[in-house]
Amino acid sequence: MSLPIYATFGERVWYYTFRVICALIFIFLITPILVVIPLSFNAENFFTFTPEMLRLDPDGYSLKHYVDFFTNNEWQRSFKNSLIIAPIATIISVSLGTLAAVGLSQSHVPFRRAIMAILISPMIVPLIISATGMFFFYSKIGNFMENSMGLDKNLVGYIKVILAHAVLGIPFVIITVTATLVGFDRSLTRAAANMGANPLTTFFKVQMPLILPGVISGGLFAFITSFDEVVVVLFVGSASQKTLPWQMFTGLREQISPTILAVATILVGLSILLLTTVELLRRRSERLRGMSPG
Amino acid sequence: MSDVTDATTAKRGPTPDDALRIADSGDGGPVLAADGTPLKRSLSRALRVQKMRALALIAPLLVFVLISFIVPIGDMLFRSVENRMVGDTLPYTVEELSKWDGASDALPPEAVYRDLYFDLFLAAEMKRHTRLGSRLNYESSGMSSLFRQAGRKLDDPGDEAQEALEAIDERWGERETYFELFNAAEGAEIDNDLLKAQKKRIRYLSDTVPTGEMDFSPSAEVSALLPLAARVYTSFAVITGMVDNKVVAKTKPMESLYLALVQDVTRPGFADDLAAYNGPQKDALAALANSGLTAPDYTAIFEEVDRDWVNLDTWRVIQTHSGTFTSGYFLNAVDMQKTPEGPAVQPENKRVLIQLFIRTLIMSLTIMGACILLAYPVAWLLSNLPARKANVLMILVLLPFWTSLLVRTSAWKVMLQQQGVINDVLVWIGLVADNDRLVMINNQFGTITAMTHILLPFMILPMYSVMSTINPSYVRAAKSLGATNWTAFWRVYFPQSIPGIGAGSILVFILSIGYYITPEIVGGTKGVFISNRIAYHISSSLNWGLAAALGTILLAVVLLLYWCYDKIVGIDNVKLG
């Protein structure tokens with residue numbers, strides 16, 4: 001794709017123009033994320049670069065927004081809520097989702113298309129509609145759990161949000177795990193059964209290690225879905241279930257504080273970590289697939 | 001035989017189903033399995049077991065998704081047509097009102113006003129009349145205050161009736177008199193229908209299942225003699241005993257009881273019925289019957305509360321919206337309204353939603369177009385670069401894709417503000433004067449820019465996966481046959497990349513049409529979508545029926561688009577990362 005030696009002047013001009021256009025688009029893609037990082041070290045409560053920052057004066061930079069994030073009660077509570085809700089929701093969607101994906105990959109599944117459509121639907125339906133439906137229905141369930149089962153109001157709130165987030169994460173688990181299972185060699189399970197392993201042993205000792213990359217990346221998708229979700233929690237949860245994205249959302253809408261930028265930087269770091277993990281898993285799964293016979 | 005050979009040579013392993021076909025196609029006598037049963041039967045049993053096992057693995061998740069996702073969506077669909085509030089709050093009024101001809105110029109008969117008095121009194125007692133008022137206020141403004149006012153003023157006629165009763169006989173001033181009158185004594189017949197009906201009403205009005213104990217049951221004999229008063233007292237007893245957890249006999253009855261009692265003792269034929277009556281407080285009732293009380297004038301009572309209660313339009317609105325199901329919310333969602341004469345267009349100043357739907361569509365299309373324009377060169381570059389370079393550049397696409405939505409939205413808020421980074425840079429370069437900074441946020445430009453950025457990876461990735469399968473030798477062949485660069489691209493390369501554009505466009509369009517967070521933060525008032533309206537009706541205006549109707553329409557649009565996506569791209573081709 002490099003420029004051939006016989007290229008005309010016009011082709012040369014177009015070649016470099018095209019490169020510049022692409023570079024501009026890449027800048028458009030990445031700038032908003034990069035801009036946030038230095039601004040989060042701003043010593044002032046501004047959302048823009050101060051003259052001190054532009055001069056690279058150390059006084060223009062500070063960690064005070066990070067300190068605020070780690071000491072402010074509101075932020076800490078919402079961070080803690082996110083750390084409670086996202087892992088539990090992920091565990092639910094990964095365990096149920098993997099089981100179902102294994103079932104769906106069998107050769108004879110009645111109503112396969114219909115079942116698949118239902119399981120994928122939480123990803124298709126716009127979040128605002130899921131949130132509206134859940135708002136109506138979960139408040140009834142919540143009332144029932146509080147009044148008839150006598151559960152604590154706070155606990156019920158967490159249950160509602162966790163269930164809602166678990167459902168939203170399920171399509172991602174199903175898609176990634178079924179995709180991994182497509183490359184899975186069925187004769188391995190038959191070989192295991194042939195050697196006397198029961199289905200449970202076969203699953204955990206033979207199948208699971210091979211599809212694990214798919215399961216983990218599905219889990220990461222489910223985790224990030226819950227960790228980043230704000231619409232449903234806004235409608236279903238109450239103030240005591242305020243999550244990190246919710247806190248950011250209110251912050252952006254009402255009293256905008258630069259602490260948001262510090263949080264954003266931390267989250268960018270988190271997403272880089274996740275991106276690396278998923279990429280490594282993908283490579284590993286491709287390598288495994290290349291090695292497996294058939 | 002062809003599919004038998006297929007099955008045995010196919011890459012997937014043999015299954016009982018294939019063996020079944022082999023058994024089917026075999027000629028000669030029945031083939032037997034090792035245990036002597038016909039092979040066909042034992043194979044179909046094996047197939048059934050396999051199907052059941054697969055379903056058993058899927059079942060837990062399927063049930064989970066059905067209960068926690070599909071049922072809530074169904075609940076929303078149901079809510080968009082459900083309209084039980086009027087009928088459940090004013091059950092007797094609605095029944096009586098259905099006999100009235102709304103097209104006539106006469107006010108509803110006295111019986112309607114009578115039932116309205118007692119229905120509304122009970123609703124006000126449970127503080128539910130305001131909810132009904134705001135429900136009807138969506139249809140005709142002014143209803144909310146009309147109901148709120150009535151709830152405050154309905155006590156007065158009851159108090160007057162109480163004074164009149166006490167003046168006739170002192171016993172009517174004591175709580176025990178009423179309890180003894182209406183309560184079924186040991187062995188007396190109980191009016192179970194009445195009790196059940198009132199419990200149901202109170203359960204609806206109190207929104208929860210009443211849990212308290214009640215030491216009262218209506219006597220059938222009295223409820224035949226004093227139907228209205230017995231009904232009012234029973235509902236009072238249910239509230240007192242089961243909701244408030246108090247002793248019925250020792251609680252002061254609600255004011256409407258006195259009016260109901262006056263109503264009952266002045267009804268025609270009461271004197272004859274009383275003569276046949278043999279229960280408690282007979283002489284006290286006789287004193288009332290002979291005192292010359294006159295039946296209350298409910299129309300006058302309501303006229304005094306507010307002139308609008310004797311306005312025909314008020315009643316027409318109530319009658320129009322008293323059905324169990326309504327098309328009203330859907331009509332509202334498309335800027336129409338349900339009137340006694342049928343669907344009609346909303347007045348000019350209330351027509352906002354169709355415009356909002358159109359704006360949502362136009363903005364989604366704009367975002368989709370912007371995404372196509374920006375994604376095409378990038379996808380082309382990525383699929384034509386050597387793998388190593390392409391992977392590095394791919395990170396620049398995937399990093400935004402993986403970054404939290406709120407991070408990206410807050411970044412755009414920071415960039416687009418008047419004191420933000422872009423304006424600062426423009427001022428610094430000198431393109432824009434410092435006192436004349438560009439307004440790029442809280443308008444459509446802000447929403448479109450931020451959402452194009454957020455959705456761009458969803459366009460690049462499908463385009464990239466299609467473009468990397470296009471064989472470069474076609475373009476080379478075209479050029480060697482004399483095509484110019486442009487012709488080779490436009491006639492050979494571009495048509496092959498269309499599936500990628502289609503897949504990406506539908507994906508971006510589906511995602512953008514239901515977006516809420518980003519427009520809410522950077523859209524101001526001009527750059528918001530229909531989803532923001534739904535959220536507004538859920539959390540601020542509390543018009544849940546309209547929110548559900550808007551949601552249903554949006555859902556229908558998205559499902560239709562998704563069906564197209566399935567036809568073009570296929571449901572199984574949804575790939576991530």
# chains A, B, ... in the order shown; residues from 1 in each chain; ligands from 1
$ interface_residues --of "chain B" --to "chain A" --cutoff "6 Å" --atoms "only C-alpha atoms" --output "list of chain:residue names"
B:Lys51, B:Ala54, B:Leu57, B:Ile58, B:Leu61, B:Pro72, B:Ile73, B:Met76, B:Val378, B:Trp402, B:Thr403, B:Ser404, B:Val407, B:Ala411, B:Val414, B:Gly420, B:Val421, B:Gly514, B:Gly551
$ write_last_selection --atoms "C-alpha atoms" --output "PDB file, in the first residue's frame"
ATOM      1  CA  LYS B  51     -32.817 -32.309  23.177  1.00  0.00           C
ATOM      2  CA  ALA B  54     -29.838 -28.993  25.817  1.00  0.00           C
ATOM      3  CA  LEU B  57     -29.046 -26.242  30.213  1.00  0.00           C
ATOM      4  CA  ILE B  58     -30.762 -23.265  28.600  1.00  0.00           C
ATOM      5  CA  LEU B  61     -31.200 -18.472  31.833  1.00  0.00           C
ATOM      6  CA  PRO B  72     -41.094  -5.895  32.368  1.00  0.00           C
ATOM      7  CA  ILE B  73     -41.207  -4.966  28.684  1.00  0.00           C
ATOM      8  CA  MET B  76     -44.707  -1.487  29.758  1.00  0.00           C
ATOM      9  CA  VAL B 378     -10.343   4.790   8.387  1.00  0.00           C
ATOM     10  CA  TRP B 402     -13.881   0.441  25.581  1.00  0.00           C
ATOM     11  CA  THR B 403     -13.882   3.725  27.453  1.00  0.00           C
ATOM     12  CA  SER B 404     -16.826   4.485  29.692  1.00  0.00           C
ATOM     13  CA  VAL B 407     -15.995   9.553  30.393  1.00  0.00           C
ATOM     14  CA  ALA B 411     -14.766  14.859  27.790  1.00  0.00           C
ATOM     15  CA  VAL B 414     -15.122  19.868  28.660  1.00  0.00           C
ATOM     16  CA  GLY B 420     -13.651  24.903  26.909  1.00  0.00           C
ATOM     17  CA  VAL B 421     -10.635  23.530  25.108  1.00  0.00           C
ATOM     18  CA  GLY B 514     -32.608   5.297  21.710  1.00  0.00           C
ATOM     19  CA  GLY B 551     -41.563   3.674  24.632  1.00  0.00           C
TER      20      GLY B 551
END
$ residues_around --residues "region 266-272 of chain B" --least-positions-apart "5" --cutoff "9 Å" --atoms "only C-alpha atoms" --output "VMD selection string"
chain B and resid 225 to 226 261 277 286 288 to 290 292 to 295
$ atom_distance --atom1 "CA of Thr8 (chain A)" --atom2 "CA of Ala379 (chain B)"
24.8 Å
$ residues_around --residues "region 207-214 of chain A" --least-positions-apart "6" --cutoff "9 Å" --atoms "only C-alpha atoms" --output "list in words"
Val173, Thr176, Val177, Thr178, Ala179, Thr180, Leu181, Phe184, Leu188, Thr189, Val278, Leu281, Arg282, Arg284, Ser285, Leu288 and Arg289 of chain A
$ write_last_selection --atoms "N, CA and C atoms" --output "PDB file, in the first residue's frame"
ATOM      1  N   VAL A 173     -22.259 -12.268  27.224  1.00  0.00           N
ATOM      2  CA  VAL A 173     -21.722 -13.577  27.585  1.00  0.00           C
ATOM      3  C   VAL A 173     -22.134 -14.609  26.543  1.00  0.00           C
ATOM      4  N   THR A 176     -20.150 -14.075  23.158  1.00  0.00           N
ATOM      5  CA  THR A 176     -18.730 -14.446  23.160  1.00  0.00           C
ATOM      6  C   THR A 176     -18.562 -15.949  23.393  1.00  0.00           C
ATOM      7  N   VAL A 177     -19.329 -16.525  24.303  1.00  0.00           N
ATOM      8  CA  VAL A 177     -19.120 -17.942  24.606  1.00  0.00           C
ATOM      9  C   VAL A 177     -19.585 -18.820  23.440  1.00  0.00           C
ATOM     10  N   THR A 178     -20.724 -18.506  22.814  1.00  0.00           N
ATOM     11  CA  THR A 178     -21.128 -19.334  21.669  1.00  0.00           C
ATOM     12  C   THR A 178     -20.102 -19.200  20.542  1.00  0.00           C
ATOM     13  N   ALA A 179     -19.539 -17.994  20.369  1.00  0.00           N
ATOM     14  CA  ALA A 179     -18.519 -17.830  19.325  1.00  0.00           C
ATOM     15  C   ALA A 179     -17.314 -18.722  19.624  1.00  0.00           C
ATOM     16  N   THR A 180     -16.925 -18.811  20.894  1.00  0.00           N
ATOM     17  CA  THR A 180     -15.789 -19.678  21.243  1.00  0.00           C
ATOM     18  C   THR A 180     -16.152 -21.138  21.011  1.00  0.00           C
ATOM     19  N   LEU A 181     -17.398 -21.496  21.319  1.00  0.00           N
ATOM     20  CA  LEU A 181     -17.803 -22.897  21.209  1.00  0.00           C
ATOM     21  C   LEU A 181     -17.876 -23.366  19.762  1.00  0.00           C
ATOM     22  N   PHE A 184     -14.965 -25.219  19.006  1.00  0.00           N
ATOM     23  CA  PHE A 184     -14.643 -26.287  19.953  1.00  0.00           C
ATOM     24  C   PHE A 184     -14.827 -27.651  19.295  1.00  0.00           C
ATOM     25  N   LEU A 188     -13.487 -34.074  21.500  1.00  0.00           N
ATOM     26  CA  LEU A 188     -12.769 -34.070  22.783  1.00  0.00           C
ATOM     27  C   LEU A 188     -13.677 -34.519  23.916  1.00  0.00           C
ATOM     28  N   THR A 189     -14.924 -34.012  23.922  1.00  0.00           N
ATOM     29  CA  THR A 189     -15.834 -34.436  24.987  1.00  0.00           C
ATOM     30  C   THR A 189     -16.189 -35.911  24.824  1.00  0.00           C
ATOM     31  N   VAL A 278      -8.597  -8.350  27.122  1.00  0.00           N
ATOM     32  CA  VAL A 278      -9.432  -8.990  26.097  1.00  0.00           C
ATOM     33  C   VAL A 278      -8.593  -9.356  24.883  1.00  0.00           C
ATOM     34  N   LEU A 281      -6.526 -12.393  25.609  1.00  0.00           N
ATOM     35  CA  LEU A 281      -7.384 -13.585  25.619  1.00  0.00           C
ATOM     36  C   LEU A 281      -7.731 -14.022  24.207  1.00  0.00           C
ATOM     37  N   ARG A 282      -7.994 -13.023  23.366  1.00  0.00           N
ATOM     38  CA  ARG A 282      -8.377 -13.340  22.000  1.00  0.00           C
ATOM     39  C   ARG A 282      -7.221 -14.064  21.298  1.00  0.00           C
ATOM     40  N   ARG A 284      -4.828 -15.756  22.707  1.00  0.00           N
ATOM     41  CA  ARG A 284      -4.642 -17.078  23.282  1.00  0.00           C
ATOM     42  C   ARG A 284      -5.658 -18.056  22.701  1.00  0.00           C
ATOM     43  N   SER A 285      -6.901 -17.573  22.582  1.00  0.00           N
ATOM     44  CA  SER A 285      -7.950 -18.480  22.085  1.00  0.00           C
ATOM     45  C   SER A 285      -7.699 -18.837  20.620  1.00  0.00           C
ATOM     46  N   LEU A 288      -4.966 -21.457  20.639  1.00  0.00           N
ATOM     47  CA  LEU A 288      -5.490 -22.759  21.040  1.00  0.00           C
ATOM     48  C   LEU A 288      -6.260 -23.411  19.908  1.00  0.00           C
ATOM     49  N   ARG A 289      -7.046 -22.562  19.220  1.00  0.00           N
ATOM     50  CA  ARG A 289      -7.872 -23.095  18.154  1.00  0.00           C
ATOM     51  C   ARG A 289      -6.977 -23.626  17.040  1.00  0.00           C
TER      52      ARG A 289
END
$ select_by_dssp --residues "region 293-486 of chain B" --states "strand (DSSP E or B)" --output "PyMOL selection string"
chain B and resi 325+336-339+342-345
$ select_by_dssp --residues "region 40-198 of chain A" --states "helix (DSSP H, G or I)" --output "number ranges by chain"
A: 51-54, 58-60, 64-71, 73-104, 112-124, 127-147, 153-182, 186-194
$ residues_around --residues "His537 (chain B)" --least-positions-apart "5" --cutoff "10 Å" --atoms "only C-alpha atoms" --output "ChimeraX atom specification"
/B:531-532,542-548,550
$ write_last_selection --atoms "N, CA, C and O atoms" --output "PDB file, in the first residue's frame"
ATOM      1  N   SER B 531     -36.082   9.781  23.716  1.00  0.00           N
ATOM      2  CA  SER B 531     -35.802   9.074  24.975  1.00  0.00           C
ATOM      3  C   SER B 531     -35.796  10.041  26.160  1.00  0.00           C
ATOM      4  O   SER B 531     -36.217   9.686  27.254  1.00  0.00           O
ATOM      5  N   ASN B 532     -35.308  11.259  25.924  1.00  0.00           N
ATOM      6  CA  ASN B 532     -35.283  12.225  27.018  1.00  0.00           C
ATOM      7  C   ASN B 532     -36.695  12.603  27.435  1.00  0.00           C
ATOM      8  O   ASN B 532     -36.964  12.850  28.609  1.00  0.00           O
ATOM      9  N   LEU B 542     -44.654  12.419  35.656  1.00  0.00           N
ATOM     10  CA  LEU B 542     -45.326  11.231  36.190  1.00  0.00           C
ATOM     11  C   LEU B 542     -46.472  10.745  35.315  1.00  0.00           C
ATOM     12  O   LEU B 542     -47.357  10.047  35.772  1.00  0.00           O
ATOM     13  N   ASN B 543     -46.466  11.130  34.032  1.00  0.00           N
ATOM     14  CA  ASN B 543     -47.473  10.617  33.106  1.00  0.00           C
ATOM     15  C   ASN B 543     -46.956   9.297  32.532  1.00  0.00           C
ATOM     16  O   ASN B 543     -46.474   9.220  31.409  1.00  0.00           O
ATOM     17  N   TRP B 544     -47.061   8.243  33.355  1.00  0.00           N
ATOM     18  CA  TRP B 544     -46.411   6.982  33.004  1.00  0.00           C
ATOM     19  C   TRP B 544     -47.030   6.326  31.789  1.00  0.00           C
ATOM     20  O   TRP B 544     -46.358   5.669  31.012  1.00  0.00           O
ATOM     21  N   GLY B 545     -48.339   6.503  31.624  1.00  0.00           N
ATOM     22  CA  GLY B 545     -49.001   5.908  30.471  1.00  0.00           C
ATOM     23  C   GLY B 545     -48.434   6.459  29.173  1.00  0.00           C
ATOM     24  O   GLY B 545     -48.144   5.714  28.235  1.00  0.00           O
ATOM     25  N   LEU B 546     -48.233   7.775  29.136  1.00  0.00           N
ATOM     26  CA  LEU B 546     -47.681   8.395  27.934  1.00  0.00           C
ATOM     27  C   LEU B 546     -46.245   7.931  27.722  1.00  0.00           C
ATOM     28  O   LEU B 546     -45.840   7.636  26.595  1.00  0.00           O
ATOM     29  N   ALA B 547     -45.472   7.838  28.818  1.00  0.00           N
ATOM     30  CA  ALA B 547     -44.090   7.345  28.706  1.00  0.00           C
ATOM     31  C   ALA B 547     -44.097   5.943  28.116  1.00  0.00           C
ATOM     32  O   ALA B 547     -43.296   5.627  27.231  1.00  0.00           O
ATOM     33  N   ALA B 548     -45.021   5.101  28.588  1.00  0.00           N
ATOM     34  CA  ALA B 548     -45.089   3.733  28.087  1.00  0.00           C
ATOM     35  C   ALA B 548     -45.470   3.717  26.612  1.00  0.00           C
ATOM     36  O   ALA B 548     -44.930   2.938  25.824  1.00  0.00           O
ATOM     37  N   LEU B 550     -44.931   6.120  24.364  1.00  0.00           N
ATOM     38  CA  LEU B 550     -43.772   6.583  23.587  1.00  0.00           C
ATOM     39  C   LEU B 550     -42.737   5.470  23.483  1.00  0.00           C
ATOM     40  O   LEU B 550     -42.156   5.234  22.420  1.00  0.00           O
TER      41      LEU B 550
END
$ residues_around --residues "region 154-157 of chain B" --least-positions-apart "6" --cutoff "8 Å" --atoms "only C-alpha atoms" --output "list of chain:residue names"
B:Tyr117, B:Phe121, B:Glu255, B:Ser256, B:Leu259, B:Ile301, B:Val305
$ atom_distance --atom1 "CA of Val156 (chain A)" --atom2 "CA of Ala239 (chain A)"
12.7 Å
$ residues_around --residues "region 142-151 of chain B" --least-positions-apart "2" --cutoff "10 Å" --atoms "only C-alpha atoms" --output "PyMOL selection string"
chain B and resi 117+120-125+127-140+153-155+301-302+304-309+314+317-318
$ residues_around --residues "Gly500 (chain B)" --least-positions-apart "3" --cutoff "10 Å" --atoms "only C-alpha atoms" --output "VMD selection string"
chain B and resid 376 379 459 to 467 496 to 497 503 to 505 569
